[in-house]
>>> print(open('entry37.cif').read())   # mmCIF, C-alpha atoms; chains and numbers go by the auth columns
data_start
#
loop_
_atom_site.group_PDB
_atom_site.id
_atom_site.type_symbol
_atom_site.label_atom_id
_atom_site.label_comp_id
_atom_site.label_asym_id
_atom_site.label_seq_id
_atom_site.Cartn_x
_atom_site.Cartn_y
_atom_site.Cartn_z
_atom_site.B_iso_or_equiv
_atom_site.auth_seq_id
_atom_site.auth_asym_id
ATOM 1 C CA MET A 1 68.560 18.324 72.093 0.00 265 O
ATOM 2 C CA ALA A 2 69.144 20.487 68.985 0.00 266 O
ATOM 3 C CA ASP A 3 71.501 19.234 66.298 0.00 267 O
ATOM 4 C CA PRO A 4 74.549 21.593 66.369 0.00 268 O
ATOM 5 C CA SER A 5 75.134 21.050 62.644 0.00 269 O
ATOM 6 C CA ALA A 6 71.563 22.098 61.731 0.00 270 O
ATOM 7 C CA TYR A 7 70.875 25.544 60.276 0.00 271 O
ATOM 8 C CA PRO A 8 69.931 27.788 63.220 0.00 272 O
ATOM 9 C CA GLY A 9 67.359 29.714 61.182 0.00 273 O
ATOM 10 C CA MET A 10 66.820 33.375 60.416 0.00 274 O
ATOM 11 C CA PRO A 11 67.539 35.748 63.313 0.00 275 O
ATOM 12 C CA ARG A 12 64.646 37.862 64.613 0.00 276 O
ATOM 13 C CA TRP A 13 66.169 41.149 63.405 0.00 277 O
ATOM 14 C CA ALA A 14 66.511 39.701 59.879 0.00 278 O
ATOM 15 C CA LYS A 15 62.871 38.554 59.886 0.00 279 O
ATOM 16 C CA LEU A 16 61.716 42.048 60.852 0.00 280 O
ATOM 17 C CA GLN A 17 63.954 43.811 58.350 0.00 281 O
ATOM 18 C CA GLY A 18 63.058 41.240 55.698 0.00 282 O
ATOM 19 C CA ILE A 19 59.402 42.267 56.076 0.00 283 O
ATOM 20 C CA LEU A 20 60.402 45.952 55.829 0.00 284 O
ATOM 21 C CA VAL A 21 62.454 45.237 52.695 0.00 285 O
ATOM 22 C CA ALA A 22 59.520 43.347 51.146 0.00 286 O
ATOM 23 C CA VAL A 23 57.293 46.381 51.824 0.00 287 O
ATOM 24 C CA LEU A 24 59.966 48.663 50.320 0.00 288 O
ATOM 25 C CA LEU A 25 60.241 46.517 47.184 0.00 289 O
ATOM 26 C CA LEU A 26 56.450 46.418 46.773 0.00 290 O
ATOM 27 C CA LEU A 27 56.267 50.203 47.175 0.00 291 O
ATOM 28 C CA THR A 28 59.100 50.628 44.663 0.00 292 O
ATOM 29 C CA LEU A 29 57.379 48.435 42.094 0.00 293 O
ATOM 30 C CA GLY A 30 54.063 50.188 42.715 0.00 294 O
ATOM 31 C CA MET A 31 55.648 53.618 42.299 0.00 295 O
ATOM 32 C CA ALA A 32 57.519 52.487 39.183 0.00 296 O
ATOM 33 C CA ALA A 33 54.247 51.230 37.695 0.00 297 O
ATOM 34 C CA GLY A 34 52.581 54.542 38.578 0.00 298 O
ATOM 35 C CA LEU A 35 55.418 56.574 37.069 0.00 299 O
ATOM 36 C CA THR A 36 55.457 54.666 33.790 0.00 300 O
ATOM 37 C CA GLY A 37 51.665 54.316 33.619 0.00 301 O
ATOM 38 C CA HIS A 38 50.242 57.798 33.811 0.00 302 O
ATOM 39 C CA GLY A 39 53.021 60.071 35.033 0.00 303 O
ATOM 40 C CA ALA A 40 53.506 62.315 32.023 0.00 304 O
ATOM 41 C CA ALA A 41 49.822 62.812 31.215 0.00 305 O
ATOM 42 C CA GLY A 42 49.000 63.610 34.840 0.00 306 O
ATOM 43 C CA ASP A 43 51.874 66.063 35.085 0.00 307 O
ATOM 44 C CA HIS A 44 50.791 67.844 31.942 0.00 308 O
ATOM 45 C CA ALA A 45 47.244 68.236 33.244 0.00 309 O
ATOM 46 C CA THR A 46 48.530 69.459 36.594 0.00 310 O
ATOM 47 C CA ARG A 47 50.807 71.973 34.922 0.00 311 O
ATOM 48 C CA HIS A 48 47.998 73.613 32.972 0.00 312 O
ATOM 49 C CA GLY A 49 45.026 73.022 35.216 0.00 313 O
ATOM 50 C CA GLY A 50 46.677 73.252 38.605 0.00 314 O
ATOM 51 C CA HIS A 51 44.909 70.112 39.831 0.00 315 O
ATOM 52 C CA MET B 1 88.068 35.608 45.176 0.00 202 A
ATOM 53 C CA ILE B 2 89.494 37.417 48.208 0.00 203 A
ATOM 54 C CA MET B 3 91.184 40.809 47.743 0.00 204 A
ATOM 55 C CA PRO B 4 94.613 41.545 49.162 0.00 205 A
ATOM 56 C CA PRO B 5 94.327 43.757 52.310 0.00 206 A
ATOM 57 C CA ARG B 6 95.540 46.993 50.666 0.00 207 A
ATOM 58 C CA LEU B 7 93.170 46.717 47.718 0.00 208 A
ATOM 59 C CA ARG B 8 90.373 45.741 50.071 0.00 209 A
ATOM 60 C CA ARG B 9 90.931 48.845 52.200 0.00 210 A
ATOM 61 C CA PHE B 10 90.981 51.024 49.066 0.00 211 A
ATOM 62 C CA ALA B 11 87.762 49.465 47.735 0.00 212 A
ATOM 63 C CA LEU B 12 86.097 49.924 51.122 0.00 213 A
ATOM 64 C CA THR B 13 87.194 53.574 51.233 0.00 214 A
ATOM 65 C CA VAL B 14 85.729 54.233 47.774 0.00 215 A
ATOM 66 C CA HIS B 15 82.491 52.467 48.745 0.00 216 A
ATOM 67 C CA VAL B 16 82.114 54.469 51.983 0.00 217 A
ATOM 68 C CA ILE B 17 82.869 57.784 50.211 0.00 218 A
ATOM 69 C CA CYS B 18 80.294 57.063 47.475 0.00 219 A
ATOM 70 C CA SER B 19 77.645 55.900 49.951 0.00 220 A
ATOM 71 C CA ILE B 20 78.034 58.788 52.387 0.00 221 A
ATOM 72 C CA GLY B 21 78.344 61.235 49.474 0.00 222 A
ATOM 73 C CA TRP B 22 75.026 59.923 48.129 0.00 223 A
ATOM 74 C CA ILE B 23 73.361 60.526 51.508 0.00 224 A
ATOM 75 C CA GLY B 24 74.810 64.048 51.733 0.00 225 A
ATOM 76 C CA ALA B 25 73.788 64.941 48.183 0.00 226 A
ATOM 77 C CA LEU B 26 70.279 63.606 48.791 0.00 227 A
ATOM 78 C CA ALA B 27 70.020 65.700 51.975 0.00 228 A
ATOM 79 C CA ALA B 28 70.936 68.805 49.909 0.00 229 A
ATOM 80 C CA PHE B 29 68.372 67.738 47.280 0.00 230 A
ATOM 81 C CA LEU B 30 65.696 67.441 49.981 0.00 231 A
ATOM 82 C CA ALA B 31 66.480 70.922 51.325 0.00 232 A
ATOM 83 C CA LEU B 32 66.152 72.381 47.805 0.00 233 A
ATOM 84 C CA ALA B 33 62.962 70.393 47.118 0.00 234 A
ATOM 85 C CA ILE B 34 61.381 71.731 50.330 0.00 235 A
ATOM 86 C CA THR B 35 62.479 75.253 49.356 0.00 236 A
ATOM 87 C CA GLY B 36 60.942 74.791 45.898 0.00 237 A
ATOM 88 C CA LEU B 37 57.699 73.565 47.437 0.00 238 A
ATOM 89 C CA THR B 38 57.307 76.247 50.098 0.00 239 A
ATOM 90 C CA SER B 39 58.871 79.399 48.612 0.00 240 A
ATOM 91 C CA GLN B 40 56.575 82.128 47.247 0.00 241 A
ATOM 92 C CA ASP B 41 59.410 83.678 45.206 0.00 242 A
ATOM 93 C CA ALA B 42 59.362 82.407 41.587 0.00 243 A
ATOM 94 C CA ASP B 43 63.119 83.045 41.161 0.00 244 A
ATOM 95 C CA ILE B 44 63.988 80.962 44.201 0.00 245 A
ATOM 96 C CA VAL B 45 61.663 78.176 43.007 0.00 246 A
ATOM 97 C CA ARG B 46 63.316 78.221 39.567 0.00 247 A
ATOM 98 C CA ILE B 47 66.829 78.132 41.053 0.00 248 A
ATOM 99 C CA ALA B 48 65.906 75.377 43.536 0.00 249 A
ATOM 100 C CA TYR B 49 64.484 73.039 40.878 0.00 250 A
ATOM 101 C CA GLY B 50 67.273 73.871 38.412 0.00 251 A
ATOM 102 C CA ALA B 51 69.892 73.049 41.055 0.00 252 A
ATOM 103 C CA ASN B 52 68.045 69.835 41.925 0.00 253 A
ATOM 104 C CA ALA B 53 68.160 68.673 38.310 0.00 254 A
ATOM 105 C CA ILE B 54 71.928 69.378 38.163 0.00 255 A
ATOM 106 C CA ILE B 55 72.632 67.668 41.514 0.00 256 A
ATOM 107 C CA THR B 56 70.602 64.650 40.400 0.00 257 A
ATOM 108 C CA ALA B 57 72.297 64.248 37.023 0.00 258 A
ATOM 109 C CA TYR B 58 75.891 64.948 38.027 0.00 259 A
ATOM 110 C CA VAL B 59 76.117 63.945 41.698 0.00 260 A
ATOM 111 C CA ILE B 60 73.296 61.746 42.989 0.00 261 A
ATOM 112 C CA VAL B 61 72.932 59.341 40.045 0.00 262 A
ATOM 113 C CA PRO B 62 76.713 58.776 39.572 0.00 263 A
ATOM 114 C CA LEU B 63 77.226 58.318 43.331 0.00 264 A
ATOM 115 C CA SER B 64 74.301 55.903 43.608 0.00 265 A
ATOM 116 C CA LEU B 65 75.608 53.739 40.757 0.00 266 A
ATOM 117 C CA ALA B 66 79.155 53.884 42.141 0.00 267 A
ATOM 118 C CA ALA B 67 77.931 52.954 45.643 0.00 268 A
ATOM 119 C CA LEU B 68 75.975 50.002 44.249 0.00 269 A
ATOM 120 C CA LEU B 69 78.857 48.787 42.087 0.00 270 A
ATOM 121 C CA THR B 70 81.581 49.193 44.730 0.00 271 A
ATOM 122 C CA GLY B 71 79.299 47.528 47.292 0.00 272 A
ATOM 123 C CA ILE B 72 78.849 44.487 45.058 0.00 273 A
ATOM 124 C CA VAL B 73 82.601 44.303 44.349 0.00 274 A
ATOM 125 C CA GLN B 74 83.355 44.736 48.053 0.00 275 A
ATOM 126 C CA SER B 75 81.070 41.905 49.112 0.00 276 A
ATOM 127 C CA LEU B 76 82.048 39.502 46.322 0.00 277 A
ATOM 128 C CA ALA B 77 85.751 40.058 46.890 0.00 278 A
ATOM 129 C CA THR B 78 85.683 39.590 50.652 0.00 279 A
ATOM 130 C CA GLU B 79 84.571 36.816 52.976 0.00 280 A
ATOM 131 C CA TRP B 80 81.250 38.638 53.548 0.00 281 A
ATOM 132 C CA GLY B 81 79.851 37.430 50.205 0.00 282 A
ATOM 133 C CA LEU B 82 76.741 38.782 48.528 0.00 283 A
ATOM 134 C CA PHE B 83 74.275 36.126 49.716 0.00 284 A
ATOM 135 C CA ARG B 84 76.014 34.710 52.793 0.00 285 A
ATOM 136 C CA ASN B 85 74.993 37.240 55.434 0.00 286 A
ATOM 137 C CA PHE B 86 71.530 38.689 55.952 0.00 287 A
ATOM 138 C CA TRP B 87 72.828 42.216 56.516 0.00 288 A
ATOM 139 C CA VAL B 88 74.624 42.241 53.135 0.00 289 A
ATOM 140 C CA LEU B 89 71.598 40.811 51.326 0.00 290 A
ATOM 141 C CA ILE B 90 69.178 43.282 52.947 0.00 291 A
ATOM 142 C CA LYS B 91 71.525 46.196 52.229 0.00 292 A
ATOM 143 C CA LEU B 92 71.828 45.102 48.595 0.00 293 A
ATOM 144 C CA LEU B 93 68.033 44.992 48.190 0.00 294 A
ATOM 145 C CA ILE B 94 67.652 48.422 49.836 0.00 295 A
ATOM 146 C CA VAL B 95 70.272 50.013 47.568 0.00 296 A
ATOM 147 C CA LEU B 96 68.842 48.317 44.460 0.00 297 A
ATOM 148 C CA ALA B 97 65.355 49.630 45.270 0.00 298 A
ATOM 149 C CA ALA B 98 66.668 53.150 46.006 0.00 299 A
ATOM 150 C CA THR B 99 68.743 53.271 42.800 0.00 300 A
ATOM 151 C CA PHE B 100 65.908 51.931 40.662 0.00 301 A
ATOM 152 C CA LEU B 101 63.440 54.477 42.033 0.00 302 A
ATOM 153 C CA LEU B 102 65.964 57.302 41.655 0.00 303 A
ATOM 154 C CA LEU B 103 66.492 56.437 37.985 0.00 304 A
ATOM 155 C CA MET B 104 62.718 56.338 37.513 0.00 305 A
ATOM 156 C CA LYS B 105 62.321 59.806 39.076 0.00 306 A
ATOM 157 C CA THR B 106 65.005 61.635 37.074 0.00 307 A
ATOM 158 C CA GLY B 107 62.558 62.374 34.249 0.00 308 A
ATOM 159 C CA GLN B 108 60.144 64.088 36.638 0.00 309 A
ATOM 160 C CA ILE B 109 62.967 66.062 38.266 0.00 310 A
ATOM 161 C CA ASP B 110 64.101 67.324 34.823 0.00 311 A
ATOM 162 C CA TYR B 111 60.508 68.103 33.898 0.00 312 A
ATOM 163 C CA LEU B 112 60.047 70.157 37.077 0.00 313 A
ATOM 164 C CA ALA B 113 63.265 72.114 36.399 0.00 314 A
ATOM 165 C CA THR B 114 62.168 72.843 32.820 0.00 315 A
ATOM 166 C CA ALA B 115 58.672 73.877 33.898 0.00 316 A
ATOM 167 C CA ALA B 116 60.062 76.202 36.584 0.00 317 A
ATOM 168 C CA SER B 117 62.523 77.807 34.150 0.00 318 A
ATOM 169 C CA GLU B 118 60.020 78.299 31.306 0.00 319 A
ATOM 170 C CA THR B 119 57.088 79.577 33.342 0.00 320 A
ATOM 171 C CA ALA B 120 56.928 81.185 36.752 0.00 321 A
ATOM 172 C CA LEU B 121 55.416 78.353 38.771 0.00 322 A
ATOM 173 C CA ALA B 122 52.443 79.478 40.848 0.00 323 A
ATOM 174 C CA PRO B 123 52.449 78.171 44.449 0.00 324 A
ATOM 175 C CA ALA B 124 49.754 75.634 43.446 0.00 325 A
ATOM 176 C CA GLY B 125 51.340 74.766 40.052 0.00 326 A
ATOM 177 C CA LEU B 126 52.496 71.143 39.748 0.00 327 A
ATOM 178 C CA ARG B 127 51.714 70.801 43.444 0.00 328 A
ATOM 179 C CA GLY B 128 51.317 67.022 43.332 0.00 329 A
ATOM 180 C CA LEU B 129 54.646 66.503 41.597 0.00 330 A
ATOM 181 C CA ARG B 130 56.459 68.913 43.933 0.00 331 A
ATOM 182 C CA VAL B 131 55.068 67.175 47.028 0.00 332 A
ATOM 183 C CA SER B 132 55.960 63.791 45.512 0.00 333 A
ATOM 184 C CA VAL B 133 59.584 64.890 44.955 0.00 334 A
ATOM 185 C CA VAL B 134 59.881 65.986 48.613 0.00 335 A
ATOM 186 C CA ALA B 135 58.256 62.755 49.858 0.00 336 A
ATOM 187 C CA HIS B 136 60.486 60.536 47.722 0.00 337 A
ATOM 188 C CA ALA B 137 63.641 62.405 48.740 0.00 338 A
ATOM 189 C CA ALA B 138 62.711 62.145 52.450 0.00 339 A
ATOM 190 C CA GLY B 139 61.843 58.452 52.085 0.00 340 A
ATOM 191 C CA GLY B 140 65.020 57.814 50.114 0.00 341 A
ATOM 192 C CA LEU B 141 67.110 59.504 52.792 0.00 342 A
ATOM 193 C CA LEU B 142 65.581 57.313 55.527 0.00 343 A
ATOM 194 C CA VAL B 143 66.180 54.182 53.465 0.00 344 A
ATOM 195 C CA LEU B 144 69.830 55.129 52.815 0.00 345 A
ATOM 196 C CA LEU B 145 70.381 55.820 56.525 0.00 346 A
ATOM 197 C CA TRP B 146 68.962 52.365 57.221 0.00 347 A
ATOM 198 C CA ALA B 147 71.439 50.838 54.738 0.00 348 A
ATOM 199 C CA ALA B 148 74.320 52.824 56.264 0.00 349 A
ATOM 200 C CA ALA B 149 73.380 51.624 59.766 0.00 350 A
ATOM 201 C CA LEU B 150 73.357 48.001 58.547 0.00 351 A
ATOM 202 C CA GLY B 151 76.836 48.505 57.077 0.00 352 A
ATOM 203 C CA MET B 152 78.117 49.951 60.354 0.00 353 A
ATOM 204 C CA TYR B 153 76.569 47.422 62.776 0.00 354 A
ATOM 205 C CA LYS B 154 76.856 44.319 60.542 0.00 355 A
ATOM 206 C CA PRO B 155 74.369 42.309 62.648 0.00 356 A
ATOM 207 C CA ARG B 156 75.081 38.565 62.856 0.00 357 A
ATOM 208 C CA GLY B 157 73.053 36.066 60.913 0.00 358 A
ATOM 209 C CA LEU B 158 73.994 33.688 58.116 0.00 359 A
ATOM 210 C CA THR B 159 71.661 32.782 55.283 0.00 360 A
ATOM 211 C CA ARG B 160 71.113 29.069 54.580 0.00 361 A
ATOM 212 C CA HIS B 161 73.607 29.406 51.688 0.00 362 A
ATOM 213 C CA GLY B 162 76.185 31.060 53.977 0.00 363 A
ATOM 214 C CA TRP B 163 75.638 28.407 56.644 0.00 364 A
ATOM 215 C CA ARG B 164 76.204 25.580 54.149 0.00 365 A
ATOM 216 C CA GLN B 165 79.420 27.212 52.933 0.00 366 A
ATOM 217 C CA LYS B 166 80.640 27.635 56.499 0.00 367 A
ATOM 218 C CA GLN B 167 79.872 24.003 57.321 0.00 368 A
ATOM 219 C CA ALA B 168 81.658 22.823 54.159 0.00 369 A
ATOM 220 C CA MET B 169 84.730 24.911 55.035 0.00 370 A
ATOM 221 C CA ARG B 170 84.738 23.525 58.594 0.00 371 A
ATOM 222 C CA GLN B 171 84.567 19.948 57.308 0.00 372 A
ATOM 223 C CA ARG B 172 87.383 20.627 54.843 0.00 373 A
ATOM 224 C CA SER B 173 89.607 22.044 57.604 0.00 374 A
ATOM 225 C CA ILE B 174 88.832 19.068 59.875 0.00 375 A
ATOM 226 C CA ALA B 175 89.627 16.657 57.026 0.00 376 A
ATOM 227 C CA SER B 176 92.912 18.414 56.192 0.00 377 A
ATOM 228 C CA SER B 177 94.055 18.584 59.836 0.00 378 A
ATOM 229 C CA GLY B 178 93.002 15.001 60.617 0.00 379 A
#
>>> encode(input="entry37.cif", output="structure tokens")
Amino acid sequence: MADPSAYPGMPRWAKLQGILVAVLLLLTLGMAAGLTGHGAAGDHATRHGGH
Amino acid sequence: MIMPPRLRRFALTVHVICSIGWIGALAAFLALAITGLTSQDADIVRIAYGANAIITAYVIVPLSLAALLTGIVQSLATEWGLFRNFWVLIKLLIVLAATFLLLMKTGQIDYLATAASETALAPAGLRGLRVSVVAHAAGGLLVLLWAAALGMYKPRGLTRHGWRQKQAMRQRSIASSG
């Protein structure tokens, strides 16, 4: 029988949304790295070359 | 620290106004960004990107920071806590990510407004950046709706930290009553 004073664990909805949040944070960091890395140079080239 | 009920209601009202205002302003931004991307009229493109830069600087960024700050105050000053419940923690991470990305994008939004005002942007000009602004606004809107839904439904689920605090409080109340 389960110990009633033991931590019941993470609910299923929180596990699912936790994975989604982890994906969101990774995307955010990736986009931030992209923006700081070569954003301005790429924009300048696009502005004048159209590519 | 727990707020008195009146102050708590006021803080909650400010938080809800800032959060919903942020969503509304971002929806307007998205409509203008789509207009800027699809319109063939250079004047409309210039106005759309100019308006987007103004909305970002004077509405979206202040509301996002206010929503984040009031949300933190609201959770720290109530029994919800910042790290006690999964829904609060997930919402905090969502809003932090959205605010961080928004602040990172403001430079590009300003750049687009300046480019559109200085030169008549051809339909293909700065295409990648214009598509990126639409995609980020649409993604941001979805993420904010997700955060708003979490705040409305408040699904159950304590973190390990929240569970320990609850157990400690229960033991204290048993000890004081016995």
>>> closest_residue(input="entry37.cif", among="A:Thr257, A:Thr279, A:Leu290, A:Ala336", to="Arg209 (chain A)", atoms="all atoms listed in the file")
A:Thr279
>>> residues_around(input="entry37.cif", residues="region 229-235 of chain A", least_positions_apart="4", cutoff="9 Å", atoms="all atoms listed in the file", output="PDB file with C-alpha atoms, in the coordinates of the input")
ATOM      1  CA  ILE A 224      73.361  60.526  51.508  1.00  0.00           C
ATOM      2  CA  GLY A 225      74.810  64.048  51.733  1.00  0.00           C
ATOM      3  CA  THR A 239      57.307  76.247  50.098  1.00  0.00           C
ATOM      4  CA  SER A 240      58.871  79.399  48.612  1.00  0.00           C
ATOM      5  CA  VAL A 246      61.663  78.176  43.007  1.00  0.00           C
ATOM      6  CA  ILE A 248      66.829  78.132  41.053  1.00  0.00           C
ATOM      7  CA  ALA A 249      65.906  75.377  43.536  1.00  0.00           C
ATOM      8  CA  TYR A 250      64.484  73.039  40.878  1.00  0.00           C
ATOM      9  CA  ALA A 252      69.892  73.049  41.055  1.00  0.00           C
ATOM     10  CA  ASN A 253      68.045  69.835  41.925  1.00  0.00           C
ATOM     11  CA  ILE A 256      72.632  67.668  41.514  1.00  0.00           C
ATOM     12  CA  THR A 257      70.602  64.650  40.400  1.00  0.00           C
ATOM     13  CA  ILE A 261      73.296  61.746  42.989  1.00  0.00           C
ATOM     14  CA  ARG A 331      56.459  68.913  43.933  1.00  0.00           C
ATOM     15  CA  VAL A 332      55.068  67.175  47.028  1.00  0.00           C
ATOM     16  CA  VAL A 334      59.584  64.890  44.955  1.00  0.00           C
ATOM     17  CA  VAL A 335      59.881  65.986  48.613  1.00  0.00           C
ATOM     18  CA  ALA A 336      58.256  62.755  49.858  1.00  0.00           C
ATOM     19  CA  HIS A 337      60.486  60.536  47.722  1.00  0.00           C
ATOM     20  CA  ALA A 338      63.641  62.405  48.740  1.00  0.00           C
ATOM     21  CA  ALA A 339      62.711  62.145  52.450  1.00  0.00           C
ATOM     22  CA  LEU A 342      67.110  59.504  52.792  1.00  0.00           C
TER      23      LEU A 342
END
>>> residues_around(input="entry37.cif", residues="Arg276 (chain O)", least_positions_apart="3", cutoff="12 Å", atoms="only C-alpha atoms", output="ChimeraX atom specification")
/O:272-273,279-283 /A:287,356-358
>>> atom_distance(input="entry37.cif", atom1="CA of Gly251 (chain A)", atom2="CA of Gly329 (chain A)")
18.0 Å
>>> interface_residues(input="entry37.cif", of="chain A", to="chain O", cutoff="9 Å", atoms="all atoms listed in the file", output="PDB file with C-alpha atoms, in the coordinates of the input")
ATOM      1  CA  PHE A 287      71.530  38.689  55.952  1.00  0.00           C
ATOM      2  CA  TRP A 288      72.828  42.216  56.516  1.00  0.00           C
ATOM      3  CA  ILE A 291      69.178  43.282  52.947  1.00  0.00           C
ATOM      4  CA  LEU A 294      68.033  44.992  48.190  1.00  0.00           C
ATOM      5  CA  ILE A 295      67.652  48.422  49.836  1.00  0.00           C
ATOM      6  CA  ALA A 298      65.355  49.630  45.270  1.00  0.00           C
ATOM      7  CA  ALA A 299      66.668  53.150  46.006  1.00  0.00           C
ATOM      8  CA  PHE A 301      65.908  51.931  40.662  1.00  0.00           C
ATOM      9  CA  LEU A 302      63.440  54.477  42.033  1.00  0.00           C
ATOM     10  CA  MET A 305      62.718  56.338  37.513  1.00  0.00           C
ATOM     11  CA  LYS A 306      62.321  59.806  39.076  1.00  0.00           C
ATOM     12  CA  GLN A 309      60.144  64.088  36.638  1.00  0.00           C
ATOM     13  CA  TYR A 312      60.508  68.103  33.898  1.00  0.00           C
ATOM     14  CA  ALA A 316      58.672  73.877  33.898  1.00  0.00           C
ATOM     15  CA  LEU A 322      55.416  78.353  38.771  1.00  0.00           C
ATOM     16  CA  ALA A 323      52.443  79.478  40.848  1.00  0.00           C
ATOM     17  CA  ALA A 325      49.754  75.634  43.446  1.00  0.00           C
ATOM     18  CA  GLY A 326      51.340  74.766  40.052  1.00  0.00           C
ATOM     19  CA  LEU A 327      52.496  71.143  39.748  1.00  0.00           C
ATOM     20  CA  ARG A 328      51.714  70.801  43.444  1.00  0.00           C
ATOM     21  CA  GLY A 329      51.317  67.022  43.332  1.00  0.00           C
ATOM     22  CA  LEU A 330      54.646  66.503  41.597  1.00  0.00           C
ATOM     23  CA  VAL A 344      66.180  54.182  53.465  1.00  0.00           C
ATOM     24  CA  PRO A 356      74.369  42.309  62.648  1.00  0.00           C
ATOM     25  CA  ARG A 357      75.081  38.565  62.856  1.00  0.00           C
ATOM     26  CA  GLY A 358      73.053  36.066  60.913  1.00  0.00           C
ATOM     27  CA  LEU A 359      73.994  33.688  58.116  1.00  0.00           C
ATOM     28  CA  THR A 360      71.661  32.782  55.283  1.00  0.00           C
ATOM     29  CA  ARG A 361      71.113  29.069  54.580  1.00  0.00           C
ATOM     30  CA  TRP A 364      75.638  28.407  56.644  1.00  0.00           C
ATOM     31  CA  ARG A 365      76.204  25.580  54.149  1.00  0.00           C
ATOM     32  CA  GLN A 368      79.872  24.003  57.321  1.00  0.00           C
TER      33      GLN A 368
END
>>> atom_distance(input="entry37.cif", atom1="CA of Gly272 (chain A)", atom2="CA of Ile203 (chain A)")
14.4 Å
>>> atom_distance(input="entry37.cif", atom1="CA of Leu277 (chain A)", atom2="CA of Val217 (chain A)")
16.0 Å
